Structure formats: structure tokens, C-alpha cells
Amino acid sequence: MHKSGFVNIVGNPNVGKSTLMNLLVGERISIATFKAQTTRHRIMGILNEPDLQICFSDTPGVLKPNYKLQEQMLQFSESALQDADVLLYVTDMVDTPDKNADFLEKVQHMDVPVLVLINKIDLTEGAANTILAQKVDEWHAVLPKAEIYPISALHRFGVDQVLSRIKELLPESPAYFDKDTWTDKPARFFVTEIIREKILLYYDKEIPYSVEAVVNSFKETDDLIRIEATIFVERESQKGIIIGHQGVALKRVSTEARCELERFFGKKIYLQCFVKVDKDWRSSERAMKQFGYDLE
């Protein structure tokens, strides 16, 4: 008997979906930072074992869209409700069911197993058990058919139990992908994500959310990958901030990204980054297609 299925991870921004995804897959597939709206795409990570294949999908945090990019991000999240064999709805100790009620209503009407994962239980001090019990009651009232699991993705508490339950719920099926496949994304995608992760970590306020990265050139030999990438921003002032005085800020991002890429690909990386302005790209239909946000 072989089991296979699609296990899709949804929830509000900054509740720990990407950290959880990486733990479940056992690989660093999704970038994970302390900032909300880190994930912009629907990203698949595939766990393969001899008798099963689990196709996990990380998705952007659900939010009310204010511009075209966020509209596309919401579509990625909603698409995860359509093809799930098991749905993981991730929340945390401060999140409440009344956020994005329209999306949650769609979850209520799903016919597949739903697991509500209350993450970050390690952050609650004092009357932790009382607060957790209240949270369990809140979510049980909204999703009465769901199974509820308290977890801490950061400390891996409860994650193995969730993974065991997922394996029990998977349908019998042959593998959907070759057993040596671990994601549906090409190498260039991870280059842009790692560059964007470093910008999220090193720049404040609106800058990280106004940035997109594109790989112009990716040339691989046995011992070296040469990469040229462009970082797009919306304003000339943002370009100056990204580059920094005498190029110091951009050099830091490029160096940190190069080191991370060398760990990711397991070989030497030559990375050259440029910065360009694409005015108001987050509201542009053209830019959404150029940057790969059109929903297939």
C-alpha cells in the first residue's frame, strides 16, 4: 500500500507557516523571518518515504488585499483550499478566528480533514494552560469538525504528532512526483527568495515589501554557479536605500545571499546584484506576470 496526497498550509500572516513547512519537509524550502508577509507564492515541499509521498504547500498569509500583488497572494492561499487532501490551518496564541472571516468560512465548508495547529504556545507565560484552553474552545466553536493541536514549530513541540496524524489521513495513491523530487520550484526561484529574505532581515519599514528580485542569468558548472540578479524597487529613493552609501548596503545583502546560496546549492556561488526602479510594480498587471505571480 502506498499513500500520497496534498497537505496545504494556510493561515493569517506571521503565525509560523513557513517554519512549520520546513520542519515537516525536513528541508529549508520557504524563507522564514520575523516579519509578516514573508511568503508571496504558493511553494511546494515534498516529503518522500518508501510507502508514501506528502506534497506540502506553504502559502501567503491571508489578508485583505490593498494592491495587485496582495490580490495574487490571496489567490494562492485560496487555491490551496481547492486541491487539499488534508488542510493545516495554522494560528497562534494571539490570533483570533474573527480575522479574515470570509476565508475562514470557506474552510468551514471543506469536506477534507482540517487540522488546526495553535502555534507559538511557548510564548505564553503565567496562566499558559488557561489561555491555551480558551484558544482551543475558540477554534473548536468555529471549526467543530477540525482536530486541534497545540504546537511550537520553533521548538518542534507537537510537530511529530501532527506529521503522524497526516500520514494516517493520507489517501491510498501512487506518488504524484518522482521520488527524488523535493519541490515544484526551479533553482532560480530559490535564488530570488534568498535575496528577498536578506532584504527582509536588513531593511526596515516599507522597503522589503516594495522589493522583488529576478534572476537574469544562471550559469552552472561542476564547481561554480554564476548568477546575475536584479532587485526591483518602486521609487528612486528606495533604490538609494537598497544600495546604501558607496554601495555598502547592497554589498552586505549580496554577500549574505551568496553565503546562503552556497549552503543551499552545495557549491561556490558568484553573485552579482543590480538595482532598478519599476514604478508601482505591486499594482501592475504586467509586473505580476513578469515576476511570476500569475496563478497557473
# chains A, B, ... in the order shown; residues from 1 in each chain; ligands from 1
$ closest_atom_pairs --of "stretch 127-214 of chain A" --to "stretch 115-119 of chain A" --cutoff "10 Å" --atoms "only C-alpha atoms" --output "JSON lines"
{"residue": "A:Leu132", "atom": "CA", "partner": "A:Ile118", "partner_atom": "CA", "distance": 8.5}
{"residue": "A:Lys135", "atom": "CA", "partner": "A:Ile118", "partner_atom": "CA", "distance": 8.0}
{"residue": "A:Val136", "atom": "CA", "partner": "A:Ile118", "partner_atom": "CA", "distance": 8.0}
{"residue": "A:Trp139", "atom": "CA", "partner": "A:Val116", "partner_atom": "CA", "distance": 7.7}
{"residue": "A:His140", "atom": "CA", "partner": "A:Val116", "partner_atom": "CA", "distance": 9.0}
{"residue": "A:Leu143", "atom": "CA", "partner": "A:Val116", "partner_atom": "CA", "distance": 8.5}
{"residue": "A:Lys145", "atom": "CA", "partner": "A:Leu115", "partner_atom": "CA", "distance": 9.1}
{"residue": "A:Ala146", "atom": "CA", "partner": "A:Leu115", "partner_atom": "CA", "distance": 5.5}
{"residue": "A:Glu147", "atom": "CA", "partner": "A:Leu115", "partner_atom": "CA", "distance": 4.8}
{"residue": "A:Ile148", "atom": "CA", "partner": "A:Val116", "partner_atom": "CA", "distance": 4.7}
{"residue": "A:Tyr149", "atom": "CA", "partner": "A:Leu117", "partner_atom": "CA", "distance": 4.9}
{"residue": "A:Pro150", "atom": "CA", "partner": "A:Ile118", "partner_atom": "CA", "distance": 4.7}
{"residue": "A:Ile151", "atom": "CA", "partner": "A:Asn119", "partner_atom": "CA", "distance": 4.8}
{"residue": "A:Ser152", "atom": "CA", "partner": "A:Asn119", "partner_atom": "CA", "distance": 5.1}
{"residue": "A:Ala153", "atom": "CA", "partner": "A:Asn119", "partner_atom": "CA", "distance": 6.6}
{"residue": "A:Leu154", "atom": "CA", "partner": "A:Asn119", "partner_atom": "CA", "distance": 8.8}
{"residue": "A:Phe157", "atom": "CA", "partner": "A:Asn119", "partner_atom": "CA", "distance": 9.3}
{"residue": "A:Gly158", "atom": "CA", "partner": "A:Leu117", "partner_atom": "CA", "distance": 9.3}
{"residue": "A:Val159", "atom": "CA", "partner": "A:Leu117", "partner_atom": "CA", "distance": 9.4}
{"residue": "A:Val162", "atom": "CA", "partner": "A:Leu115", "partner_atom": "CA", "distance": 8.4}
{"residue": "A:Arg165", "atom": "CA", "partner": "A:Leu115", "partner_atom": "CA", "distance": 9.2}
{"residue": "A:Ile166", "atom": "CA", "partner": "A:Leu115", "partner_atom": "CA", "distance": 8.9}
$ select_by_dssp --residues "stretch 90-180 of chain A" --states "strand (DSSP E or B)" --output "list of chain:residue names"
A:Val90, A:Thr91, A:Asp92, A:Val114, A:Leu115, A:Val116, A:Leu117, A:Ile118, A:Asn119, A:Glu147, A:Ile148, A:Tyr149, A:Pro150, A:Ser152, A:Phe157, A:Glu172
$ write_last_selection --atoms "N, CA and C atoms" --output "compact mmCIF listing (two decimals), in the first residue's frame"
# COMPACT_ATOMS: atom_id res chain seq x y z
N VAL A 90 -3.05 27.06 10.33
CA VAL A 90 -2.12 27.45 11.38
C VAL A 90 -2.56 28.78 11.99
N THR A 91 -2.61 28.81 13.30
CA THR A 91 -2.91 30.02 14.05
C THR A 91 -1.89 30.11 15.18
N ASP A 92 -2.04 31.06 16.08
CA ASP A 92 -1.14 31.13 17.23
C ASP A 92 -1.88 31.65 18.45
N VAL A 114 -9.41 18.73 8.41
CA VAL A 114 -8.78 20.01 8.75
C VAL A 114 -8.13 19.86 10.12
N LEU A 115 -6.85 20.17 10.19
CA LEU A 115 -6.13 20.20 11.46
C LEU A 115 -5.81 21.65 11.80
N VAL A 116 -6.30 22.13 12.92
CA VAL A 116 -5.98 23.47 13.40
C VAL A 116 -4.77 23.36 14.31
N LEU A 117 -3.71 24.05 13.94
CA LEU A 117 -2.47 24.00 14.70
C LEU A 117 -2.28 25.33 15.42
N ILE A 118 -2.38 25.31 16.74
CA ILE A 118 -2.19 26.53 17.54
C ILE A 118 -0.70 26.62 17.86
N ASN A 119 0.00 27.48 17.11
CA ASN A 119 1.45 27.58 17.19
C ASN A 119 1.89 28.58 18.27
N GLU A 147 -9.60 18.83 13.95
CA GLU A 147 -8.77 18.36 15.05
C GLU A 147 -7.82 19.49 15.43
N ILE A 148 -7.62 19.70 16.72
CA ILE A 148 -6.83 20.84 17.19
C ILE A 148 -5.57 20.35 17.90
N TYR A 149 -4.43 20.90 17.49
CA TYR A 149 -3.14 20.50 18.05
C TYR A 149 -2.36 21.73 18.52
N PRO A 150 -2.03 21.84 19.79
CA PRO A 150 -1.11 22.89 20.24
C PRO A 150 0.32 22.51 19.83
N SER A 152 4.62 24.09 18.99
CA SER A 152 5.63 25.14 18.89
C SER A 152 6.57 24.73 17.76
N PHE A 157 7.88 21.25 19.20
CA PHE A 157 6.94 20.60 20.10
C PHE A 157 5.64 20.28 19.36
N GLU A 172 -4.85 6.41 -0.10
CA GLU A 172 -4.04 5.48 -0.89
C GLU A 172 -3.92 6.01 -2.31
$ closest_atom_pairs --of "stretch 41-99 of chain A" --to "stretch 200-220 of chain A" --cutoff "12 Å" --atoms "only C-alpha atoms" --output "tab-separated table"
residue	atom	partner	partner_atom	distance
A:Tyr67	CA	A:Ser210	CA	11.6
A:Leu69	CA	A:Tyr209	CA	10.1
A:Gln70	CA	A:Tyr209	CA	10.6
$ write_last_selection --atoms "N, CA and C atoms" --output "PDB file, in the first residue's frame"
ATOM      1  N   TYR A  67      -3.425  46.003  -2.901  1.00  0.00           N
ATOM      2  CA  TYR A  67      -2.895  46.248  -4.233  1.00  0.00           C
ATOM      3  C   TYR A  67      -2.788  44.913  -4.961  1.00  0.00           C
ATOM      4  N   LEU A  69      -0.454  42.891  -6.037  1.00  0.00           N
ATOM      5  CA  LEU A  69       0.375  41.810  -5.503  1.00  0.00           C
ATOM      6  C   LEU A  69      -0.359  41.055  -4.409  1.00  0.00           C
ATOM      7  N   GLN A  70      -0.990  41.774  -3.485  1.00  0.00           N
ATOM      8  CA  GLN A  70      -1.706  41.106  -2.403  1.00  0.00           C
ATOM      9  C   GLN A  70      -2.938  40.358  -2.914  1.00  0.00           C
TER      10      GLN A  70
END
$ closest_residue --among "A:Ser173, A:Ser254, A:Gln238, A:Thr19" --to "A:Thr192" --atoms "only C-alpha atoms"
A:Ser254
$ closest_atom_pairs --of "stretch 209-235 of chain A" --to "stretch 271-285 of chain A" --cutoff "8 Å" --atoms "only C-alpha atoms" --output "JSON lines"
{"residue": "A:Ser210", "atom": "CA", "partner": "A:Arg282", "partner_atom": "CA", "distance": 7.3}
{"residue": "A:Arg226", "atom": "CA", "partner": "A:Leu271", "partner_atom": "CA", "distance": 6.2}
{"residue": "A:Ile227", "atom": "CA", "partner": "A:Leu271", "partner_atom": "CA", "distance": 4.9}
{"residue": "A:Glu228", "atom": "CA", "partner": "A:Gln272", "partner_atom": "CA", "distance": 4.9}
{"residue": "A:Ala229", "atom": "CA", "partner": "A:Cys273", "partner_atom": "CA", "distance": 4.9}
{"residue": "A:Thr230", "atom": "CA", "partner": "A:Phe274", "partner_atom": "CA", "distance": 4.7}
{"residue": "A:Ile231", "atom": "CA", "partner": "A:Val275", "partner_atom": "CA", "distance": 4.7}
{"residue": "A:Phe232", "atom": "CA", "partner": "A:Lys276", "partner_atom": "CA", "distance": 5.0}
{"residue": "A:Val233", "atom": "CA", "partner": "A:Val277", "partner_atom": "CA", "distance": 5.0}
{"residue": "A:Glu234", "atom": "CA", "partner": "A:Lys279", "partner_atom": "CA", "distance": 4.4}
{"residue": "A:Arg235", "atom": "CA", "partner": "A:Val277", "partner_atom": "CA", "distance": 6.0}
$ write_last_selection --atoms "N, CA and C atoms" --output "tab-separated table (two decimals), in the first residue's frame"
chain	number	residue	atom	x	y	z
A	210	SER	N	8.42	46.55	-0.90
A	210	SER	CA	8.44	47.19	-2.21
A	210	SER	C	9.47	46.56	-3.13
A	226	ARG	N	27.36	30.87	-11.57
A	226	ARG	CA	27.43	32.33	-11.77
A	226	ARG	C	26.01	32.87	-11.93
A	227	ILE	N	25.66	33.81	-11.08
A	227	ILE	CA	24.29	34.34	-11.06
A	227	ILE	C	24.32	35.86	-11.17
A	228	GLU	N	23.50	36.40	-12.06
A	228	GLU	CA	23.23	37.84	-12.11
A	228	GLU	C	21.76	38.05	-11.78
A	229	ALA	N	21.49	38.94	-10.87
A	229	ALA	CA	20.10	39.18	-10.44
A	229	ALA	C	19.83	40.67	-10.38
A	230	THR	N	18.57	41.02	-10.58
A	230	THR	CA	18.13	42.41	-10.46
A	230	THR	C	17.14	42.52	-9.32
A	231	ILE	N	17.37	43.50	-8.47
A	231	ILE	CA	16.45	43.84	-7.38
A	231	ILE	C	15.63	45.03	-7.84
A	232	PHE	N	14.31	44.84	-7.93
A	232	PHE	CA	13.42	45.92	-8.36
A	232	PHE	C	12.80	46.61	-7.15
A	233	VAL	N	12.72	47.94	-7.22
A	233	VAL	CA	12.04	48.74	-6.21
A	233	VAL	C	11.05	49.66	-6.92
A	234	GLU	N	10.24	50.36	-6.14
A	234	GLU	CA	9.19	51.21	-6.73
A	234	GLU	C	9.59	52.68	-6.86
A	235	ARG	N	10.61	53.12	-6.14
A	235	ARG	CA	10.97	54.54	-6.10
A	235	ARG	C	12.48	54.71	-6.21
$ select_by_dssp --residues "stretch 96-201 of chain A" --states "alpha helix (DSSP H)" --output "VMD selection string"
chain A and resid 101 to 108 128 to 142 159 to 169 187 to 201
$ residues_around --residues "stretch 45-54 of chain A" --least-positions-apart "2" --cutoff "10 Å" --atoms "only C-alpha atoms" --output "ChimeraX atom specification"
/A:1-8,21-22,24-30,43,56-58,85,163,166-167,170-185
$ closest_residue --among "A:Thr130, A:Gln75, A:Gly11, A:Arg188" --to "A:Asp294" --atoms "only C-alpha atoms"
A:Gln75
$ closest_residue --among "A:Ala141, A:Ala101, A:Ile195, A:Leu20" --to "A:Ile242" --atoms "only C-alpha atoms"
A:Ile195
$ atom_distance --atom1 "atom CA of A:Ser18" --atom2 "atom CA of A:Ile31"
6.7 Å
$ closest_residue --among "A:Val248, A:Ala187, A:Val94, A:Ile243" --to "A:Asn14" --atoms "only C-alpha atoms"
A:Val94
